[in-house]
Structure formats: C-alpha cells, structure tokens
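Engineer: Sharing a structure below in structure tokens format, with a few things to ask.
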Amino acid sequence: MKIGQIKPARGATHPKKRRGLGPASGLGGTAGKGHKGLEGGQMPIQRRIPKRGFVNVSRVEYQAVNVASLARFRAGEKVDRESLRAKRLIDRGDRPVKLLGEGEVSGAYQIAVDAASATARAKIEAAGGTITLPAPKIRRVRGERKVRTEETGGPDARGRKPSPAERG
C-alpha cells in the first residue's frame, strides 16, 4: 500500500451541504443557521458572560517612558515624541507620552511630553533639565454654554450673516 492509495473509511465523509438554494433544498431561508438571538432554552451568551466594573470611555492611555531610559540621549539634547520614537522608546507616534520617575537622570535634557509624574519632574529639574507640557484643556461643566472668543472665530465664524451696521 502506498500513500496515494489511502482513502477515508466508508461513511467517514459526506457531500458538502449546498446552503441558500431555496426552500426545496431544506437549507433555504436562514441557510441552516437558525434565527438570530434565539438559543432555545439555553442562557443567551450576553447573559452568560460575567460583567464587572465599567469601561471609562474617556480614558487616556499613555505610553510610559522612565527617566532611566533617557540615558540614550546626550546631555542637553531635545527629547520629544519624534526623538523617543526614533530611539524606539515608544512604539506609536499617535498616543500621548508620559514620563515616569523610575531610575536616575544622568544629564540635563529639554523634554517635551504630554504628561509627567511628580517624581520624574523633580528628578529632571534637579539635574538642570526642563519639562514642557501642553496647556491643559479647559473642560466645560455639563450644561454650561460655550464661550465664543475672537480666537475661535466669534459669532461671525458660525455662518451668521453680518448686519448692515457690522458691515459698515
């Protein structure tokens, strides 16, 4: 007997079901899959799976960088998202970066990151470096009206036609 002569045992295989060929095939309509959401007397999957806590939809996930890993940079060198990515200390350029205080700082660096822990900030400033953080976003209290300023365009930026007195 050779490998090419081996066949499955009789009755072990059967022809493929040709689904969705109309009601006469016996597998029309839902093609043998049943109707959605019904699991007979079985507990539905969305009720079987345990649920704990809640998911914070406004959570910001930072990429963490410890101050010890800044030893890859020369003293006085500018450290920002692009340079951290170039040295492979972070892997994504679209997520915010947070500087953490584990380790020791060897030199003075000019750092521009999105967030920094208090210990990281103290260590960098003690070594003679500077940390630049972006301006915090001012969030409105729910129900509070938006404040229109000249920088955001004022009332004219919303597409309102200026009055004859405003046109001058």
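Residue names in the structure tokens use chain letters A, B, ... in the order shown, residue numbers from 1 in each chain, and ligand numbers from 1 in the order shown.
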Fewer than 3 positions away in the same chain doesn't count, so skip those; otherwise give me all residues within 10 Å of Pro134 of chain A, counting only C-alpha atoms, as a count of residues only.
Structural biologist: 5
Engineer: Give me every strand (DSSP E or B) residue in segment 29-145 of chain A, going by DSSP on the backbone, as a PyMOL selection string.
Structural biologist: chain A and resi 63-66+78-79+97-100+110-112+115-116+130-132
Engineer: Extract the full set of helix (DSSP H, G or I) residues from segment 14-161 of chain A according to DSSP on the backbone, and format it as a PDB file with N, CA and C atoms, in the first residue's frame.
Structural biologist:
ATOM      1  N   PRO A  23     -36.120  27.016  -0.605  1.00  0.00           N
ATOM      2  CA  PRO A  23     -36.777  26.159   0.369  1.00  0.00           C
ATOM      3  C   PRO A  23     -36.750  24.673   0.010  1.00  0.00           C
ATOM      4  N   ALA A  24     -36.671  24.332  -1.261  1.00  0.00           N
ATOM      5  CA  ALA A  24     -36.693  22.928  -1.661  1.00  0.00           C
ATOM      6  C   ALA A  24     -35.432  22.187  -1.239  1.00  0.00           C
ATOM      7  N   SER A  25     -34.338  22.925  -1.017  1.00  0.00           N
ATOM      8  CA  SER A  25     -33.084  22.268  -0.647  1.00  0.00           C
ATOM      9  C   SER A  25     -33.090  21.811   0.807  1.00  0.00           C
ATOM     10  N   ILE A  45     -25.764  34.129  25.274  1.00  0.00           N
ATOM     11  CA  ILE A  45     -24.339  34.409  25.533  1.00  0.00           C
ATOM     12  C   ILE A  45     -24.139  35.741  26.242  1.00  0.00           C
ATOM     13  N   GLN A  46     -24.939  36.759  25.893  1.00  0.00           N
ATOM     14  CA  GLN A  46     -24.734  38.065  26.517  1.00  0.00           C
ATOM     15  C   GLN A  46     -25.107  38.062  27.988  1.00  0.00           C
ATOM     16  N   ARG A  47     -25.851  37.049  28.433  1.00  0.00           N
ATOM     17  CA  ARG A  47     -26.171  36.923  29.849  1.00  0.00           C
ATOM     18  C   ARG A  47     -25.259  35.939  30.553  1.00  0.00           C
ATOM     19  N   ARG A  48     -24.600  35.066  29.791  1.00  0.00           N
ATOM     20  CA  ARG A  48     -23.678  34.096  30.400  1.00  0.00           C
ATOM     21  C   ARG A  48     -22.343  34.721  30.784  1.00  0.00           C
ATOM     22  N   VAL A  67      12.596  57.776  33.396  1.00  0.00           N
ATOM     23  CA  VAL A  67      13.717  58.710  33.255  1.00  0.00           C
ATOM     24  C   VAL A  67      15.040  57.963  33.084  1.00  0.00           C
ATOM     25  N   ALA A  68      15.121  56.716  33.551  1.00  0.00           N
ATOM     26  CA  ALA A  68      16.357  55.940  33.386  1.00  0.00           C
ATOM     27  C   ALA A  68      16.655  55.685  31.912  1.00  0.00           C
ATOM     28  N   SER A  69      15.621  55.557  31.094  1.00  0.00           N
ATOM     29  CA  SER A  69      15.837  55.275  29.667  1.00  0.00           C
ATOM     30  C   SER A  69      16.263  56.518  28.889  1.00  0.00           C
ATOM     31  N   LEU A  70      16.269  57.689  29.535  1.00  0.00           N
ATOM     32  CA  LEU A  70      16.750  58.897  28.859  1.00  0.00           C
ATOM     33  C   LEU A  70      18.270  58.911  28.747  1.00  0.00           C
ATOM     34  N   ALA A  71      18.946  57.915  29.328  1.00  0.00           N
ATOM     35  CA  ALA A  71      20.408  57.828  29.228  1.00  0.00           C
ATOM     36  C   ALA A  71      20.854  57.605  27.787  1.00  0.00           C
ATOM     37  N   ARG A  72      19.942  57.195  26.909  1.00  0.00           N
ATOM     38  CA  ARG A  72      20.279  57.011  25.488  1.00  0.00           C
ATOM     39  C   ARG A  72      20.504  58.340  24.773  1.00  0.00           C
ATOM     40  N   ARG A  81       8.402  63.502  21.218  1.00  0.00           N
ATOM     41  CA  ARG A  81       7.785  62.268  20.732  1.00  0.00           C
ATOM     42  C   ARG A  81       8.549  61.668  19.546  1.00  0.00           C
ATOM     43  N   GLU A  82       8.992  62.511  18.609  1.00  0.00           N
ATOM     44  CA  GLU A  82       9.710  62.014  17.440  1.00  0.00           C
ATOM     45  C   GLU A  82      11.052  61.393  17.814  1.00  0.00           C
ATOM     46  N   SER A  83      11.794  62.049  18.721  1.00  0.00           N
ATOM     47  CA  SER A  83      13.102  61.512  19.105  1.00  0.00           C
ATOM     48  C   SER A  83      12.951  60.233  19.940  1.00  0.00           C
ATOM     49  N   LEU A  84      11.904  60.152  20.773  1.00  0.00           N
ATOM     50  CA  LEU A  84      11.658  58.924  21.542  1.00  0.00           C
ATOM     51  C   LEU A  84      11.303  57.775  20.611  1.00  0.00           C
ATOM     52  N   ARG A  85      10.549  58.078  19.567  1.00  0.00           N
ATOM     53  CA  ARG A  85      10.187  57.039  18.587  1.00  0.00           C
ATOM     54  C   ARG A  85      11.406  56.617  17.775  1.00  0.00           C
ATOM     55  N   ALA A  86      12.267  57.564  17.447  1.00  0.00           N
ATOM     56  CA  ALA A  86      13.478  57.241  16.690  1.00  0.00           C
ATOM     57  C   ALA A  86      14.410  56.330  17.490  1.00  0.00           C
ATOM     58  N   ALA A 118       5.183  63.504  39.227  1.00  0.00           N
ATOM     59  CA  ALA A 118       5.843  64.480  40.105  1.00  0.00           C
ATOM     60  C   ALA A 118       7.289  64.085  40.370  1.00  0.00           C
ATOM     61  N   THR A 119       7.557  62.768  40.545  1.00  0.00           N
ATOM     62  CA  THR A 119       8.937  62.333  40.799  1.00  0.00           C
ATOM     63  C   THR A 119       9.805  62.535  39.565  1.00  0.00           C
ATOM     64  N   ALA A 120       9.260  62.290  38.382  1.00  0.00           N
ATOM     65  CA  ALA A 120      10.025  62.495  37.148  1.00  0.00           C
ATOM     66  C   ALA A 120      10.362  63.970  36.979  1.00  0.00           C
ATOM     67  N   ARG A 121       9.392  64.832  37.240  1.00  0.00           N
ATOM     68  CA  ARG A 121       9.619  66.272  37.097  1.00  0.00           C
ATOM     69  C   ARG A 121      10.686  66.742  38.083  1.00  0.00           C
ATOM     70  N   ALA A 122      10.630  66.243  39.323  1.00  0.00           N
ATOM     71  CA  ALA A 122      11.612  66.642  40.339  1.00  0.00           C
ATOM     72  C   ALA A 122      13.016  66.187  39.945  1.00  0.00           C
ATOM     73  N   LYS A 123      13.153  64.963  39.427  1.00  0.00           N
ATOM     74  CA  LYS A 123      14.470  64.445  39.044  1.00  0.00           C
ATOM     75  C   LYS A 123      15.054  65.214  37.859  1.00  0.00           C
ATOM     76  N   ILE A 124      14.218  65.522  36.862  1.00  0.00           N
ATOM     77  CA  ILE A 124      14.695  66.258  35.684  1.00  0.00           C
ATOM     78  C   ILE A 124      15.132  67.666  36.083  1.00  0.00           C
ATOM     79  N   GLU A 125      14.326  68.342  36.897  1.00  0.00           N
ATOM     80  CA  GLU A 125      14.667  69.710  37.297  1.00  0.00           C
ATOM     81  C   GLU A 125      15.862  69.744  38.233  1.00  0.00           C
ATOM     82  N   ALA A 126      16.046  68.704  39.061  1.00  0.00           N
ATOM     83  CA  ALA A 126      17.220  68.639  39.938  1.00  0.00           C
ATOM     84  C   ALA A 126      18.494  68.454  39.124  1.00  0.00           C
ATOM     85  N   PRO A 155     -18.847  85.170  16.735  1.00  0.00           N
ATOM     86  CA  PRO A 155     -20.154  84.817  16.191  1.00  0.00           C
ATOM     87  C   PRO A 155     -20.169  84.764  14.659  1.00  0.00           C
ATOM     88  N   ASP A 156     -19.296  85.525  13.973  1.00  0.00           N
ATOM     89  CA  ASP A 156     -19.286  85.537  12.505  1.00  0.00           C
ATOM     90  C   ASP A 156     -18.808  84.214  11.924  1.00  0.00           C
ATOM     91  N   ALA A 157     -18.020  83.456  12.674  1.00  0.00           N
ATOM     92  CA  ALA A 157     -17.453  82.208  12.159  1.00  0.00           C
ATOM     93  C   ALA A 157     -18.500  81.116  12.040  1.00  0.00           C
ATOM     94  N   ARG A 158     -19.676  81.296  12.654  1.00  0.00           N
ATOM     95  CA  ARG A 158     -20.700  80.257  12.613  1.00  0.00           C
ATOM     96  C   ARG A 158     -21.552  80.349  11.363  1.00  0.00           C
TER      97      ARG A 158
END
Engineer: So that I can see what lies close to Ile90 of chain A, please list as a list in words the residues with an atom at most 8 Å from it, counting only C-alpha atoms and leaving out residues fewer than 6 positions away in the same chain.
Structural biologist: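 Listing them by chain and then by number gives Gln63, Ala64, Val65 and Leu84 of chain A.
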Engineer: Which distance in Å separates atom CA of Lys17 of chain A and atom CA of Ala31 of chain A, to one decimal?
Structural biologist: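 Atom-to-atom, atom CA of Lys17 of chain A and atom CA of Ala31 of chain A are spaced 9.6 Å apart.
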Engineer: Within 9 Å of Ala108 of chain A, counting only C-alpha atoms, which residues show up once you throw out same-chain ones fewer than 4 positions away? Write them as a ChimeraX atom specification, please.
Structural biologist: /A:74-77,124-130
Engineer: Please measure the separation of atom CA of Val141 of chain A and atom CA of Phe54 of chain A, giving the value in Å to one decimal.
Structural biologist: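 Atom CA of Phe54 of chain A lies at a distance of 22.1 Å from atom CA of Val141 of chain A.
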Engineer: Could you tell me how far atom CA of Lys87 of chain A sits from atom CA of Ser106 of chain A, in Å to one decimal place?
Structural biologist: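 Calculated distance between atom CA of Ser106 of chain A and atom CA of Lys87 of chain A is 17.1 Å.
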Engineer: With distances taken over only C-alpha atoms, which residue among A:Arg88, A:Glu166, A:Ile6, A:Val79 lies nearest Thr132 of chain A?
Structural biologist: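 Distance minimum relative to Thr132 of chain A lands on A:Val79.
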